[in-house]
Amino acid sequence: MRLHHLELTAFGPFVNKETVDFDALGAEGLFLLHGDTGAGKTTLLDAVAFALFGAVPGARADARRLRCDYADPDTHTEVTLELTVQHHRLRITRSPEYERPKKRGGGTTKQNAKAALTWVGKAPSGHQPEGVSRIDEVARVVERLLGMTKEQFFQVVLLPQGEFARFLRSSTEDREKLLEKLFGTEHFERVEQWFRDQRRELGRERDERLAGTNVLLARFAQAAGIEPPEQPDLTWLNVILADTEQAAADAVEAAKATAKRRDLTDAALVDGRELQGRVKRVHRAVNGLAELAHQAADRIAWRDELAAAERAVPVVAATEQLMALERRADEVEALVATRAEEVAEWGFTEHDAALPTLRDAAGKLREEAGGLATLVAEAERQHADKRRLRELALREEEVRTQVTDAEKKLALFPDRVKKAREDLTAATTARAELVGLRARRSEIDAALGNRKALPAAHRAVVTAEDAQREATDAHQSARDEVQRLRQLRLDGMAAELATGLSDDHPCPVCGNHDHPHPASTPTGAATAADEQKAQAAEVAALRIREQAGNALTKARASVDVLTERLAPWDGHDLASAYAEADKAFIRANDLASRHPALDRALRNVEREQEALRDGHAKQDREVARLASEAAELKSAIDRRESIVDQARGTHPSVADRRRHVLSTVAAIDALIEAHTTALTAHDRVREQRDALADTVSAAGFGELAEALAAARTEPIIDKLRTRIVEATEAEQQHRATLMEPELFGLEADLDVDLAPLLERALAARTDAEEAVAVARETGSRLEQLSGLGERLRTAWAELEPLEAEYAELDALTDVVNGRGQNSTKMSLRSYVLAARLEEVATAASSRLRKMTQGRYSFEHSAEAGARGTRGGLGLDVLDDYSGMTRPAKTLSGGESFVASLALALGLADVVAAESGGGALLDTLFVDEGFGTLDAGTLDEVMAILDELRDGGRVVGVVSHVDELRQRIPTRVRVRKGRSGSSLELTV
């Protein structure tokens, strides 16, 4: 991958369109990106990352604010990157999501994120020639061409030194998380999870089978009525089943014997009960015939009374009908008298009550009522119109009042609208000035902080210079001590060698086995331990000297930076300027915050004015309509008044007169109907009397009184008839009973005793039932135990291979996950990560040794940590001076930076090779950290960077260290200003 061209507009602190030509910068293979702190150096790297992946690395991704705060609202935020990947040149254009002011009205609206990828030249096979414009499709194409995820890209291309310093000193867990992201070991984690899932599923199946088997065992033991042993087996099961089978057979034989005794006693009891029943039947028949013989005379009287009552039934019915007709005739006569009195009230005399006269009067009155019906509707319309006329007058007066009120309100609106527009204009102006006022205040506040920090920075320089002189003197003294001890040791080397001589062993100098004159140790001689101790002290003093030099460099750089930043403010009263800027910002911010409310207030006033105008026009139209309708209604009322007065006559209204006429007609009609009904009722009474006389004669009675005396009610007749029939049937039944063959020869008073037979039958039945219950219980138990036993045998047979399979899978899962028989206590994923880390340590060590003159190299450790910490991810530093391995946390600031840079480059090589794109990573960016290096170490680091560009790579160094400006001629400077940052290219 090689970058060619980058354009960014309104992105981060860059308010205008800025362009970076990577082809020109990369001509020498190395360029410097420098500028003040906060100017936006890292923003250029963010722009590259955003163009490729739509995201930025590190904590800056959480802020989700990529648009420039100083940008004009009409300026669109956009990043365009042109690059070559796998010999294909492409251009990517992206825009982030952000809020922008609405083009119409107030408030803001969301500007959606966009992305587009186009090919510069021929598109690769398998890709659309016109490119893609969907965000997700652009991400997939970029990731497929680069061969790495965005996390890998951020680590191997945008080398973040701070993160690698933390990686170098981090714990095993934190180091594992980063390596997992870089090397994509998710599939190994899925393998571990697959084993855990398989074990869990198989364990669940085993537990379910075991639980089912235990349930079967418990049910079997409960059915057998015993407690199961601790280790039940098939022998125990077979013994229980055999005992139960024998008990069931014995119970069946006992049940058969008791059943036979029960059958014999039941047969004897049945015979006794049958004899007793026949004796009872003979007794009932004899007693019944005797009782019927005493009722012979009563039965004859019942028959005579029943015959007379049946002949009197039609006479009673005819008499009741005559009485009903007579009552009806009396009622009709009373009704005629009542209707005649009602007609008299309406002005008719008895002479006028004749039927022809009444019919003629009713007809005339109906004609009059018909004529009044039309006039009644006219009178009702007259009343309604008068009521409507009064309502119209009231409504017209009310609307005229509303028109007057509306005119008064409309006169006030021009001033209100003018005031609302002036307030909104002031708020709009304040909102436009707010960004500049905020920047002005922040700039003055930063200058105040710098001015306050400058004296302390000068004091820090003095302190650092003193510390450096002391450290230099101490280091020189330690170095002199090493030289002195080394010389003393050389002077006493013969004595030191003599202490190691022994008989029959050759001298390491001359080779002789005899040692006649071994040298003696001189006074004040130095030993190897003394020299090593002095060397360790010299190394410690050197480290302190390096730290003091780094501290002095930082202190002087801090003074230079503060001085440069305060240069534009010479001669300014910063406190007064800040107070004035803060006051202006607060005033503008307060006014700008009211912009939405003022905008809504203006719209509300305008809407209210428009609504009031519309209402006023509607009210004017309503007044005209009401006046016109009232005039038309008044004319119609005047025309109808004389007609209604004539039709009303002496009555309060036309309707009252018509109701009077209709009431008179109804009274006459009722009287006519009553007369007609009375004549009909008298005719039917005469007819019914003649019919009653004929009915009495036909029934065989001499007179009506005789027939009525013989009459009986229907229940009495039914009772007489039932008595006669029952007596006859009882006599026949008793005689038939005595003639039956099975009752022949039995006496009615024969005594049959059933108590002994019943007692023996009950005892035999109880014994039989108990035996059957025992047999049924033992048979049921045998059936239940047989079924449960067969199921238990099957469950045991199926559980045995499952137990063996689970034990094997459980042990293998523990090994894969770093437990059990795994002696290294490393999971499969950790084992792979440990191998990758070992490759990274090997690749990083070659660069680290060059940058530290062969002193330091990385050592990978596979041992488990303390308190069960997972092993395989240990990373220490081997110090060649002392030959000891030391933790990375003990390195100084400069040493940590060098180690971190070597680790980052090594990791970049391994990840690139792992992703298949190692030769394609032609562009790298190395972030801050060079300020902690001394001159010698900086030379070695620059040599490593030169090696990188010798391989065809372009390396961009991001730093504010002044010395790098002298070493790297090709530079991009980021300038910070009050209205945003800008770029300056030096080639």
# chains A, B, ... in the order shown; residues from 1 in each chain; ligands from 1
$ residues_around --residues "range 791-796 of chain A" --least-positions-apart "6" --cutoff "7 Å" --atoms "only C-alpha atoms" --output "ChimeraX atom specification"
/A:213,216-217
$ write_last_selection --atoms "N, CA and C atoms" --output "CSV table (one decimal), in the first residue's frame"
chain,number,residue,atom,x,y,z
A,213,THR,N,-32.2,-42.2,35.0
A,213,THR,CA,-31.9,-43.5,35.6
A,213,THR,C,-32.1,-43.5,37.1
A,216,LEU,N,-35.8,-43.7,37.7
A,216,LEU,CA,-36.3,-45.1,37.5
A,216,LEU,C,-35.9,-45.9,38.7
A,217,LEU,N,-34.7,-45.8,39.2
A,217,LEU,CA,-34.2,-46.6,40.3
A,217,LEU,C,-35.1,-46.2,41.6
$ select_by_dssp --residues "range 680-828 of chain A" --states "helix (DSSP H, G or I)" --output "VMD selection string"
chain A and resid 680 to 698 704 to 710 714 to 738 741 to 743 755 to 816 828
$ write_last_selection --atoms "C-alpha atoms" --output "mmCIF file, in the first residue's frame"
data_model
loop_
_atom_site.group_PDB
_atom_site.id
_atom_site.type_symbol
_atom_site.label_atom_id
_atom_site.label_comp_id
_atom_site.auth_asym_id
_atom_site.auth_seq_id
_atom_site.Cartn_x
_atom_site.Cartn_y
_atom_site.Cartn_z
ATOM 1 C CA THR A 680 -125.328 -7.629 19.231
ATOM 2 C CA ALA A 681 -124.875 -8.674 22.917
ATOM 3 C CA HIS A 682 -128.691 -8.832 23.600
ATOM 4 C CA ASP A 683 -129.278 -10.996 20.497
ATOM 5 C CA ARG A 684 -126.638 -13.582 21.653
ATOM 6 C CA VAL A 685 -128.184 -13.833 25.204
ATOM 7 C CA ARG A 686 -131.598 -14.813 23.757
ATOM 8 C CA GLU A 687 -130.002 -17.435 21.514
ATOM 9 C CA GLN A 688 -127.983 -19.025 24.404
ATOM 10 C CA ARG A 689 -131.099 -19.426 26.668
ATOM 11 C CA ASP A 690 -132.886 -21.466 23.993
ATOM 12 C CA ALA A 691 -129.790 -23.667 23.498
ATOM 13 C CA LEU A 692 -129.505 -24.385 27.291
ATOM 14 C CA ALA A 693 -133.085 -25.739 27.512
ATOM 15 C CA ASP A 694 -132.382 -28.121 24.654
ATOM 16 C CA THR A 695 -129.180 -29.378 26.343
ATOM 17 C CA VAL A 696 -130.935 -30.198 29.696
ATOM 18 C CA SER A 697 -133.603 -32.250 27.894
ATOM 19 C CA ALA A 698 -131.030 -34.119 25.790
ATOM 20 C CA LEU A 704 -131.880 -27.430 35.140
ATOM 21 C CA ALA A 705 -131.558 -27.717 38.957
ATOM 22 C CA GLU A 706 -131.451 -31.560 38.800
ATOM 23 C CA ALA A 707 -128.653 -31.463 36.208
ATOM 24 C CA LEU A 708 -126.619 -28.985 38.219
ATOM 25 C CA ALA A 709 -127.009 -31.167 41.397
ATOM 26 C CA ALA A 710 -125.569 -34.219 39.574
ATOM 27 C CA GLU A 714 -113.262 -32.746 36.617
ATOM 28 C CA PRO A 715 -110.831 -33.884 39.390
ATOM 29 C CA ILE A 716 -113.710 -35.699 41.202
ATOM 30 C CA ILE A 717 -114.776 -37.439 37.985
ATOM 31 C CA ASP A 718 -111.187 -38.550 37.318
ATOM 32 C CA LYS A 719 -110.842 -39.829 40.886
ATOM 33 C CA LEU A 720 -114.080 -41.921 40.638
ATOM 34 C CA ARG A 721 -112.985 -43.376 37.354
ATOM 35 C CA THR A 722 -109.494 -44.263 38.751
ATOM 36 C CA ARG A 723 -110.917 -46.013 41.852
ATOM 37 C CA ILE A 724 -113.160 -48.253 39.777
ATOM 38 C CA VAL A 725 -110.373 -49.221 37.341
ATOM 39 C CA GLU A 726 -107.801 -49.877 40.110
ATOM 40 C CA ALA A 727 -110.148 -52.138 42.096
ATOM 41 C CA THR A 728 -110.929 -54.251 39.037
ATOM 42 C CA GLU A 729 -107.252 -54.600 38.015
ATOM 43 C CA ALA A 730 -106.140 -55.477 41.592
ATOM 44 C CA GLU A 731 -108.644 -58.291 41.869
ATOM 45 C CA GLN A 732 -107.498 -59.764 38.547
ATOM 46 C CA GLN A 733 -103.791 -59.491 39.523
ATOM 47 C CA HIS A 734 -104.229 -61.147 42.949
ATOM 48 C CA ARG A 735 -106.096 -64.090 41.433
ATOM 49 C CA ALA A 736 -103.402 -64.496 38.710
ATOM 50 C CA THR A 737 -100.646 -64.497 41.386
ATOM 51 C CA LEU A 738 -102.236 -67.353 43.331
ATOM 52 C CA PRO A 741 -97.100 -72.852 39.551
ATOM 53 C CA GLU A 742 -94.113 -71.826 41.691
ATOM 54 C CA LEU A 743 -96.454 -70.630 44.478
ATOM 55 C CA ALA A 755 -79.875 -64.178 59.045
ATOM 56 C CA PRO A 756 -77.525 -67.241 59.203
ATOM 57 C CA LEU A 757 -77.262 -67.416 55.400
ATOM 58 C CA LEU A 758 -76.514 -63.675 55.147
ATOM 59 C CA GLU A 759 -73.794 -63.833 57.824
ATOM 60 C CA ARG A 760 -71.983 -66.730 56.106
ATOM 61 C CA ALA A 761 -72.245 -65.015 52.679
ATOM 62 C CA LEU A 762 -70.868 -61.727 53.981
ATOM 63 C CA ALA A 763 -67.905 -63.438 55.651
ATOM 64 C CA ALA A 764 -67.057 -65.409 52.494
ATOM 65 C CA ARG A 765 -67.381 -62.275 50.304
ATOM 66 C CA THR A 766 -65.064 -60.278 52.602
ATOM 67 C CA ASP A 767 -62.423 -63.022 52.472
ATOM 68 C CA ALA A 768 -62.682 -63.232 48.679
ATOM 69 C CA GLU A 769 -62.422 -59.459 48.216
ATOM 70 C CA GLU A 770 -59.382 -59.267 50.456
ATOM 71 C CA ALA A 771 -57.709 -62.109 48.547
ATOM 72 C CA VAL A 772 -58.500 -60.499 45.199
ATOM 73 C CA ALA A 773 -57.120 -57.156 46.428
ATOM 74 C CA VAL A 774 -53.912 -58.873 47.552
ATOM 75 C CA ALA A 775 -53.624 -60.697 44.219
ATOM 76 C CA ARG A 776 -54.329 -57.530 42.254
ATOM 77 C CA GLU A 777 -51.812 -55.575 44.329
ATOM 78 C CA THR A 778 -49.065 -58.188 43.942
ATOM 79 C CA GLY A 779 -49.836 -58.561 40.233
ATOM 80 C CA SER A 780 -49.765 -54.812 39.725
ATOM 81 C CA ARG A 781 -46.501 -54.600 41.657
ATOM 82 C CA LEU A 782 -45.038 -57.403 39.534
ATOM 83 C CA GLU A 783 -46.165 -55.689 36.315
ATOM 84 C CA GLN A 784 -44.852 -52.310 37.483
ATOM 85 C CA LEU A 785 -41.534 -53.762 38.677
ATOM 86 C CA SER A 786 -41.116 -55.772 35.467
ATOM 87 C CA GLY A 787 -41.624 -52.673 33.315
ATOM 88 C CA LEU A 788 -39.420 -50.488 35.502
ATOM 89 C CA GLY A 789 -36.783 -53.211 35.691
ATOM 90 C CA GLU A 790 -36.625 -53.548 31.911
ATOM 91 C CA ARG A 791 -36.380 -49.768 31.502
ATOM 92 C CA LEU A 792 -33.698 -49.647 34.220
ATOM 93 C CA ARG A 793 -31.649 -52.355 32.417
ATOM 94 C CA THR A 794 -31.911 -50.358 29.176
ATOM 95 C CA ALA A 795 -30.978 -47.066 30.895
ATOM 96 C CA TRP A 796 -27.915 -48.640 32.541
ATOM 97 C CA ALA A 797 -26.833 -50.102 29.210
ATOM 98 C CA GLU A 798 -27.208 -46.728 27.409
ATOM 99 C CA LEU A 799 -25.541 -44.718 30.210
ATOM 100 C CA GLU A 800 -22.320 -46.741 30.317
ATOM 101 C CA PRO A 801 -20.851 -45.666 26.899
ATOM 102 C CA LEU A 802 -22.090 -42.103 27.470
ATOM 103 C CA GLU A 803 -20.183 -41.914 30.775
ATOM 104 C CA ALA A 804 -17.002 -43.104 29.045
ATOM 105 C CA GLU A 805 -17.453 -40.609 26.154
ATOM 106 C CA TYR A 806 -18.029 -37.718 28.568
ATOM 107 C CA ALA A 807 -14.957 -38.591 30.655
ATOM 108 C CA GLU A 808 -12.806 -38.569 27.494
ATOM 109 C CA LEU A 809 -14.301 -35.274 26.199
ATOM 110 C CA ASP A 810 -14.012 -33.651 29.652
ATOM 111 C CA ALA A 811 -10.286 -34.425 29.869
ATOM 112 C CA LEU A 812 -9.655 -33.237 26.275
ATOM 113 C CA THR A 813 -11.610 -29.996 26.848
ATOM 114 C CA ASP A 814 -9.530 -29.254 29.949
ATOM 115 C CA VAL A 815 -6.346 -29.736 27.945
ATOM 116 C CA VAL A 816 -7.539 -27.443 25.113
ATOM 117 C CA LEU A 828 -5.079 -23.387 22.532
#
$ atom_distance --atom1 "CA of Arg190 in chain A" --atom2 "CA of Asn817 in chain A"
11.4 Å
$ residues_around --residues "range 16-23 of chain A" --least-positions-apart "3" --cutoff "10 Å" --atoms "only C-alpha atoms" --output "PyMOL selection string"
chain A and resi 2-11+13+26-29+31+44+68+70-72+75+77-83+923+954+956+972+979-985
$ closest_residue --among "A:Val644, A:Ala678, A:Leu145, A:Ala464" --to "Glu331 in chain A" --atoms "only C-alpha atoms"
A:Ala678
$ atom_distance --atom1 "CA of Ala575 in chain A" --atom2 "CA of Gly977 in chain A"
20.4 Å
$ select_by_dssp --residues "range 697-932 of chain A" --states "strand (DSSP E)" --output "ChimeraX atom specification"
/A:856-861,874-879,884-886,923-926
$ write_last_selection --atoms "N, CA and C atoms" --output "JSON list (two decimals), in the first residue's frame"
[["chain", "number", "residue", "atom", "x", "y", "z"],
["A", 856, "TYR", "N", 20.42, -4.35, 24.44],
["A", 856, "TYR", "CA", 19.12, -4.91, 24.81],
["A", 856, "TYR", "C", 18.56, -5.79, 23.71],
["A", 857, "SER", "N", 17.82, -6.80, 24.14],
["A", 857, "SER", "CA", 17.04, -7.64, 23.24],
["A", 857, "SER", "C", 15.84, -8.16, 24.03],
["A", 858, "PHE", "N", 14.81, -8.60, 23.29],
["A", 858, "PHE", "CA", 13.60, -9.11, 23.93],
["A", 858, "PHE", "C", 13.72, -10.59, 24.21],
["A", 859, "GLU", "N", 13.12, -11.03, 25.31],
["A", 859, "GLU", "CA", 13.04, -12.45, 25.65],
["A", 859, "GLU", "C", 11.57, -12.81, 25.90],
["A", 860, "HIS", "N", 11.11, -13.84, 25.19],
["A", 860, "HIS", "CA", 9.74, -14.31, 25.35],
["A", 860, "HIS", "C", 9.71, -15.41, 26.41],
["A", 861, "SER", "N", 8.74, -15.33, 27.31],
["A", 861, "SER", "CA", 8.63, -16.32, 28.40],
["A", 861, "SER", "C", 7.31, -17.06, 28.26],
["A", 874, "GLY", "N", 4.58, -13.76, 28.41],
["A", 874, "GLY", "CA", 5.56, -12.96, 29.12],
["A", 874, "GLY", "C", 6.56, -12.33, 28.16],
["A", 875, "LEU", "N", 6.98, -11.10, 28.42],
["A", 875, "LEU", "CA", 7.91, -10.39, 27.55],
["A", 875, "LEU", "C", 8.84, -9.55, 28.43],
["A", 876, "ASP", "N", 10.12, -9.94, 28.47],
["A", 876, "ASP", "CA", 11.12, -9.24, 29.27],
["A", 876, "ASP", "C", 12.23, -8.71, 28.37],
["A", 877, "VAL", "N", 13.18, -8.01, 28.99],
["A", 877, "VAL", "CA", 14.30, -7.43, 28.25],
["A", 877, "VAL", "C", 15.61, -8.02, 28.81],
["A", 878, "LEU", "N", 16.46, -8.52, 27.91],
["A", 878, "LEU", "CA", 17.77, -9.05, 28.28],
["A", 878, "LEU", "C", 18.80, -7.94, 28.17],
["A", 879, "ASP", "N", 19.48, -7.63, 29.30],
["A", 879, "ASP", "CA", 20.53, -6.60, 29.36],
["A", 879, "ASP", "C", 21.87, -7.29, 29.16],
["A", 884, "MET", "N", 21.69, -10.20, 32.64],
["A", 884, "MET", "CA", 20.48, -10.54, 33.40],
["A", 884, "MET", "C", 19.24, -10.09, 32.62],
["A", 885, "THR", "N", 18.17, -10.83, 32.84],
["A", 885, "THR", "CA", 16.87, -10.46, 32.27],
["A", 885, "THR", "C", 16.14, -9.55, 33.25],
["A", 886, "ARG", "N", 15.62, -8.47, 32.76],
["A", 886, "ARG", "CA", 14.97, -7.49, 33.64],
["A", 886, "ARG", "C", 13.57, -7.16, 33.09],
["A", 923, "THR", "N", 3.96, 2.41, 3.08],
["A", 923, "THR", "CA", 3.88, 3.68, 3.81],
["A", 923, "THR", "C", 3.65, 3.39, 5.28],
["A", 924, "LEU", "N", 4.51, 3.98, 6.16],
["A", 924, "LEU", "CA", 4.36, 3.83, 7.60],
["A", 924, "LEU", "C", 4.42, 5.22, 8.23],
["A", 925, "PHE", "N", 3.72, 5.36, 9.38],
["A", 925, "PHE", "CA", 3.77, 6.58, 10.15],
["A", 925, "PHE", "C", 4.19, 6.23, 11.57],
["A", 926, "VAL", "N", 5.22, 6.96, 12.09],
["A", 926, "VAL", "CA", 5.73, 6.73, 13.44],
["A", 926, "VAL", "C", 5.36, 7.95, 14.27]]
$ atom_distance --atom1 "CA of Ser628 in chain A" --atom2 "CA of Gln382 in chain A"
18.5 Å
$ closest_residue --among "A:Asp445, A:Glu130, A:Glu673, A:Glu538" --to "Asp582 in chain A" --atoms "only C-alpha atoms"
A:Asp445
$ decode --residues "range 84-101 of chain A" --atoms "N, CA and C atoms" --output "PDB file, in the first residue's frame"
ATOM      1  N   THR A  84      -2.449   3.458  -3.855  1.00  0.00           N
ATOM      2  CA  THR A  84      -2.273   2.253  -4.671  1.00  0.00           C
ATOM      3  C   THR A  84      -2.199   1.057  -3.739  1.00  0.00           C
ATOM      4  N   VAL A  85      -3.026   0.035  -4.030  1.00  0.00           N
ATOM      5  CA  VAL A  85      -3.055  -1.199  -3.248  1.00  0.00           C
ATOM      6  C   VAL A  85      -3.053  -2.367  -4.220  1.00  0.00           C
ATOM      7  N   GLN A  86      -2.069  -3.270  -4.057  1.00  0.00           N
ATOM      8  CA  GLN A  86      -1.973  -4.439  -4.909  1.00  0.00           C
ATOM      9  C   GLN A  86      -1.995  -4.050  -6.396  1.00  0.00           C
ATOM     10  N   HIS A  87      -1.220  -3.021  -6.733  1.00  0.00           N
ATOM     11  CA  HIS A  87      -1.044  -2.551  -8.111  1.00  0.00           C
ATOM     12  C   HIS A  87      -2.315  -1.934  -8.694  1.00  0.00           C
ATOM     13  N   HIS A  88      -3.280  -1.606  -7.859  1.00  0.00           N
ATOM     14  CA  HIS A  88      -4.513  -0.959  -8.320  1.00  0.00           C
ATOM     15  C   HIS A  88      -4.621   0.399  -7.639  1.00  0.00           C
ATOM     16  N   ARG A  89      -4.787   1.434  -8.462  1.00  0.00           N
ATOM     17  CA  ARG A  89      -4.895   2.792  -7.903  1.00  0.00           C
ATOM     18  C   ARG A  89      -6.387   3.139  -7.732  1.00  0.00           C
ATOM     19  N   LEU A  90      -6.731   3.704  -6.588  1.00  0.00           N
ATOM     20  CA  LEU A  90      -8.126   4.022  -6.312  1.00  0.00           C
ATOM     21  C   LEU A  90      -8.210   5.329  -5.541  1.00  0.00           C
ATOM     22  N   ARG A  91      -9.391   5.938  -5.583  1.00  0.00           N
ATOM     23  CA  ARG A  91      -9.656   7.180  -4.868  1.00  0.00           C
ATOM     24  C   ARG A  91     -10.872   6.962  -3.972  1.00  0.00           C
ATOM     25  N   ILE A  92     -10.746   7.325  -2.697  1.00  0.00           N
ATOM     26  CA  ILE A  92     -11.816   7.158  -1.718  1.00  0.00           C
ATOM     27  C   ILE A  92     -12.194   8.535  -1.199  1.00  0.00           C
ATOM     28  N   THR A  93     -13.483   8.813  -1.189  1.00  0.00           N
ATOM     29  CA  THR A  93     -14.006  10.083  -0.665  1.00  0.00           C
ATOM     30  C   THR A  93     -15.036   9.763   0.410  1.00  0.00           C
ATOM     31  N   ARG A  94     -14.860  10.365   1.578  1.00  0.00           N
ATOM     32  CA  ARG A  94     -15.781  10.119   2.707  1.00  0.00           C
ATOM     33  C   ARG A  94     -16.187  11.447   3.343  1.00  0.00           C
ATOM     34  N   SER A  95     -17.420  11.410   3.913  1.00  0.00           N
ATOM     35  CA  SER A  95     -17.925  12.532   4.715  1.00  0.00           C
ATOM     36  C   SER A  95     -18.524  11.952   5.991  1.00  0.00           C
ATOM     37  N   PRO A  96     -18.222  12.552   7.167  1.00  0.00           N
ATOM     38  CA  PRO A  96     -18.795  12.019   8.413  1.00  0.00           C
ATOM     39  C   PRO A  96     -20.213  12.542   8.629  1.00  0.00           C
ATOM     40  N   GLU A  97     -20.871  11.977   9.596  1.00  0.00           N
ATOM     41  CA  GLU A  97     -22.188  12.480   9.997  1.00  0.00           C
ATOM     42  C   GLU A  97     -22.009  13.663  10.947  1.00  0.00           C
ATOM     43  N   TYR A  98     -22.758  14.752  10.712  1.00  0.00           N
ATOM     44  CA  TYR A  98     -22.668  15.907  11.605  1.00  0.00           C
ATOM     45  C   TYR A  98     -23.940  16.739  11.474  1.00  0.00           C
ATOM     46  N   GLU A  99     -24.109  17.664  12.415  1.00  0.00           N
ATOM     47  CA  GLU A  99     -25.267  18.554  12.423  1.00  0.00           C
ATOM     48  C   GLU A  99     -24.916  19.850  11.696  1.00  0.00           C
ATOM     49  N   ARG A 100     -25.815  20.332  10.816  1.00  0.00           N
ATOM     50  CA  ARG A 100     -25.628  21.596  10.107  1.00  0.00           C
ATOM     51  C   ARG A 100     -26.902  22.423  10.208  1.00  0.00           C
ATOM     52  N   PRO A 101     -26.802  23.765  10.075  1.00  0.00           N
ATOM     53  CA  PRO A 101     -28.005  24.609  10.109  1.00  0.00           C
ATOM     54  C   PRO A 101     -28.927  24.288   8.936  1.00  0.00           C
TER      55      PRO A 101
END
